[in-house]
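This report refers to the structure that appears directly beneath it.
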Amino acid sequence: MRPSKHPARRAFGLFSALLTVLAALAALLGTASAAQADTAICEPFGTTTIQGRYIVQNNRWGISEPQCITATDSGFRIDRADGSVPTNGAPKSYPSVFNGCHYTNCSPGTSLPARLSTVSSAPTSISYSYVSGGVYDAAYDIWLDPEPRTDGVNRTEIMVWFNKVGPVQPVGSQTGTATVAGRQWQVWSGNNGSNDVLSFVAPSAISSWSFDVMDFVQQAVSRGLAEDDWYLTSVQAGFEPWENGAGLAVTSFSSTIETGDGGPGGPGEPAGCKVAYATNVWPGGFTADVTVTNTGSSPVDGWQLAFTLPAGQRITSAWNAGVSPSSGAVTASSVTHNARIAPGSSVSFGFQGTYGGSFAAPAGFSLNGSACTTG
């Protein structure tokens with residue numbers, strides 16, 4: 001074989017081939033990185049944040065067998081759901097995605113809890129993906145309480161059953177039917193020993209729907225299970241499985257709380273606020289004292305202060321607020337004794353933590369979704 005007459009062209013050809021291989025490898029790595037963006041959760045009460053504003057929770061509480069879910073950017077799916085429980089009792093879990101506060105875990109920047117009388121609408125949208133061969137319901141939960149509760153069990157739970165598969169039924173007994181948000185529902189009412197439960201069961205499966213949460217809240221008020229001065233604390237969408245459940249998924253979820261009285265917390269109705277952040281720092285550790293001032297003209301009823309801890313910082317304990325998660329984008333939520341901030345007034349809370357490298361303060365703060373000034 002004769003040597004090439006154009007060695008430079010041969011080298012260029014090899015270089016082009018190498019670029020092609022590198023491009024293909026980059027594409028594969030890009031695909032792997034996208035796949036790795038999904039978060040697997042197998043811890044019984046493990047959680048993660050999606051879209052920077054909602055929390056996905058595994059919430060396996062009724063059985064010891066493993067349950068694993070994968071949080072996606074738009075929702076979650078159940079990958080593993082071992083074991084079963086009797087269908088005449090409580091389900092084995094409630095994997096879900098939520099906006100608001102659930103056992104001190106508050107979604108970033110949420111405007112919940114919010115007093116019912118200040119909420120003009122609460123538009124939400126949900127899409128489910130169902131499977132056969134299991135026993136479960138697909139339920140949208142709405143939680144109400146006389147106090148702006150960010151921890152523990154609320155007084156009233158509203159359950160909207162989009163679907164049910166197998167011999168299961170809501171808490172209590174059926175009391176009739178009702179048309180709510182343009183749909184017909186079977187209405188059930190009862191108490192599970194911890195809270196009142198008002199359930200609306202669809203006669204046939206609903207795969208996706210957009211509606212106003214307040215339509216169902218007003219049903220609870222009209223039945224004496226809530227009052228206008230109570231608080232909406234969270235909305236949650238997920239599944240209650242009794243048997244199996246692998247493959248079930250929430251494929252999309254959105255939730256917005258809008259206030260119509262000039263009060264803080266809803267889109268277009270920002271709360272005026274100022275934050276003072278004072279620290280005491282020593283090698284590897286620090287404390288932070290945070291003062292939140294309401295600079296607006298309306299009271300803040302139930303507050304969440306969202307901020308991002310610099311890399312390497314982790315909260316180990318807190319006082320006068322519930323703070324979660326312990327690192328990254330965190331939310332400090334009011335407790336019962338400091339839930340209201342009158343115009344011109346302030347509340348304070350604090351926490352202790354650890355850090356690595358150089359110490360820095362958070363870059364910014366937002367109160368119930370509205371940016372605050374600092375100083």
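Ligands are numbered from 1 in the order shown, chains are lettered A, B, ... in the order of the structure tokens, and residues start at 1 in each chain.
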
Can you tell me, as a tab-separated table (two decimals) with N, CA, C and O atoms, in the first residue's frame, what residues are no more than 10 Å from Ser358 of chain A when counting only C-alpha atoms, ignoring any on the same chain fewer than 5 positions away?
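Once everything was written out, this is part-v7.tsv:
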chain	number	residue	atom	x	y	z
A	283	PRO	N	-14.66	28.99	65.01
A	283	PRO	CA	-14.16	28.00	64.05
A	283	PRO	C	-15.07	26.77	63.96
A	283	PRO	O	-15.24	26.04	64.94
A	284	GLY	N	-15.70	26.58	62.81
A	284	GLY	CA	-16.54	25.41	62.57
A	284	GLY	C	-17.97	25.53	63.03
A	284	GLY	O	-18.77	24.63	62.77
A	310	PRO	N	-25.28	29.38	52.57
A	310	PRO	CA	-24.12	29.17	51.73
A	310	PRO	C	-23.61	27.73	51.83
A	310	PRO	O	-23.84	27.04	52.83
A	311	ALA	N	-22.90	27.29	50.80
A	311	ALA	CA	-22.38	25.93	50.76
A	311	ALA	C	-21.51	25.65	51.97
A	311	ALA	O	-20.71	26.49	52.40
A	312	GLY	N	-21.69	24.47	52.55
A	312	GLY	CA	-20.90	24.05	53.71
A	312	GLY	C	-21.56	24.32	55.04
A	312	GLY	O	-21.10	23.84	56.08
A	313	GLN	N	-22.67	25.10	55.05
A	313	GLN	CA	-23.38	25.39	56.29
A	313	GLN	C	-24.52	24.41	56.52
A	313	GLN	O	-25.21	24.01	55.58

* Write out as a list in words each polymer residue whose atoms come within 12 Å of Glu227 of chain A, counting only C-alpha atoms; drop sequence neighbours fewer than 4 positions from it. =>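 My list of contacting residues is Arg115, Leu116, Ser117, Leu144, Asp145, Pro146, Glu147, Arg155, Thr156, Val217, Gln218, Gln219, Ala220, Val221, Ser222, Arg223, Tyr231 and Leu232 of chain A.
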
Could you save those same residues with N, CA, C and O atoms as a CSV table (one decimal), in the first residue's frame?
chain,number,residue,atom,x,y,z
A,115,ARG,N,-54.9,32.5,56.4
A,115,ARG,CA,-56.2,32.5,57.0
A,115,ARG,C,-57.3,32.4,55.8
A,115,ARG,O,-57.1,33.1,54.8
A,116,LEU,N,-58.3,31.6,56.0
A,116,LEU,CA,-59.2,31.3,54.9
A,116,LEU,C,-59.9,32.6,54.4
A,116,LEU,O,-60.1,32.7,53.2
A,117,SER,N,-60.2,33.5,55.3
A,117,SER,CA,-60.9,34.7,55.0
A,117,SER,C,-60.1,35.6,54.1
A,117,SER,O,-60.6,36.5,53.4
A,144,LEU,N,-56.8,21.8,57.2
A,144,LEU,CA,-57.4,23.1,57.8
A,144,LEU,C,-57.2,23.0,59.3
A,144,LEU,O,-57.3,21.9,59.9
A,145,ASP,N,-56.9,24.1,60.0
A,145,ASP,CA,-56.8,24.1,61.4
A,145,ASP,C,-57.1,25.5,62.0
A,145,ASP,O,-57.0,26.5,61.3
A,146,PRO,N,-57.6,25.6,63.2
A,146,PRO,CA,-57.9,26.9,63.8
A,146,PRO,C,-56.7,27.8,64.0
A,146,PRO,O,-56.8,29.0,64.2
A,147,GLU,N,-55.5,27.2,64.1
A,147,GLU,CA,-54.3,27.9,64.3
A,147,GLU,C,-53.4,27.8,63.0
A,147,GLU,O,-53.6,26.8,62.2
A,155,ARG,N,-56.9,20.0,62.5
A,155,ARG,CA,-58.2,19.6,62.9
A,155,ARG,C,-59.1,18.9,61.9
A,155,ARG,O,-59.8,18.0,62.2
A,156,THR,N,-59.0,19.4,60.6
A,156,THR,CA,-59.9,18.9,59.6
A,156,THR,C,-59.1,18.6,58.3
A,156,THR,O,-58.2,19.4,57.9
A,217,VAL,N,-62.9,23.8,50.3
A,217,VAL,CA,-62.8,24.4,51.6
A,217,VAL,C,-64.2,24.9,52.1
A,217,VAL,O,-64.6,24.7,53.2
A,218,GLN,N,-64.9,25.6,51.2
A,218,GLN,CA,-66.2,26.1,51.5
A,218,GLN,C,-67.2,25.1,51.8
A,218,GLN,O,-68.1,25.3,52.6
A,219,GLN,N,-67.0,23.9,51.2
A,219,GLN,CA,-67.9,22.7,51.6
A,219,GLN,C,-67.7,22.4,53.1
A,219,GLN,O,-68.6,22.0,53.8
A,220,ALA,N,-66.4,22.4,53.5
A,220,ALA,CA,-66.1,22.0,54.9
A,220,ALA,C,-66.7,23.1,55.8
A,220,ALA,O,-67.2,22.8,56.9
A,221,VAL,N,-66.6,24.4,55.4
A,221,VAL,CA,-67.1,25.5,56.3
A,221,VAL,C,-68.6,25.3,56.4
A,221,VAL,O,-69.2,25.5,57.4
A,222,SER,N,-69.3,25.1,55.2
A,222,SER,CA,-70.8,25.0,55.2
A,222,SER,C,-71.3,23.8,56.1
A,222,SER,O,-72.4,23.8,56.5
A,223,ARG,N,-70.4,22.8,56.3
A,223,ARG,CA,-70.8,21.6,57.0
A,223,ARG,C,-70.4,21.7,58.5
A,223,ARG,O,-70.5,20.8,59.3
A,231,TYR,N,-57.2,28.3,59.2
A,231,TYR,CA,-56.1,28.4,58.3
A,231,TYR,C,-56.0,27.3,57.4
A,231,TYR,O,-56.3,26.1,57.8
A,232,LEU,N,-55.7,27.5,56.1
A,232,LEU,CA,-55.3,26.5,55.2
A,232,LEU,C,-53.8,26.3,55.4
A,232,LEU,O,-53.0,27.3,55.2

* Asked: In segment 38-253 of chain A, what's strand (DSSP E) per DSSP? Answer as number ranges by chain?
  -> A: 39-41, 47-50, 54-57, 67-71, 76-81, 96-102, 105-106, 114-115, 119-121, 123-129, 135-145, 156-165, 173-180, 183-191, 196-201, 208-212, 231-243, 249-253

* Asked: Hey, can you check how far atom CA of Pro148 of chain A sits from atom CA of Ala339 of chain A?
  ->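 These atoms are spaced 6.7 Å apart.
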
* Provide the atom CA of Thr233 of chain A to atom CA of Phe253 of chain A distance in Å, to one decimal place. =>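 Between these atoms lies a distance of 17.3 Å.
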
* To do: List the neighbours of segment 127-142 of chain A out to 7 Å using only C-alpha atoms; skip same-chain residues closer than 6 positions along the sequence, and give me the result as a PyMOL selection string.
  => chain A and resi 157-166+207-209+234-245+247-253

* Check the smallest atom-to-atom distance from each of A:Pro66, A:Pro170, A:Gly353, A:Pro203 to Ser189 of chain A using only C-alpha atoms, then report the winner. => A:Pro170
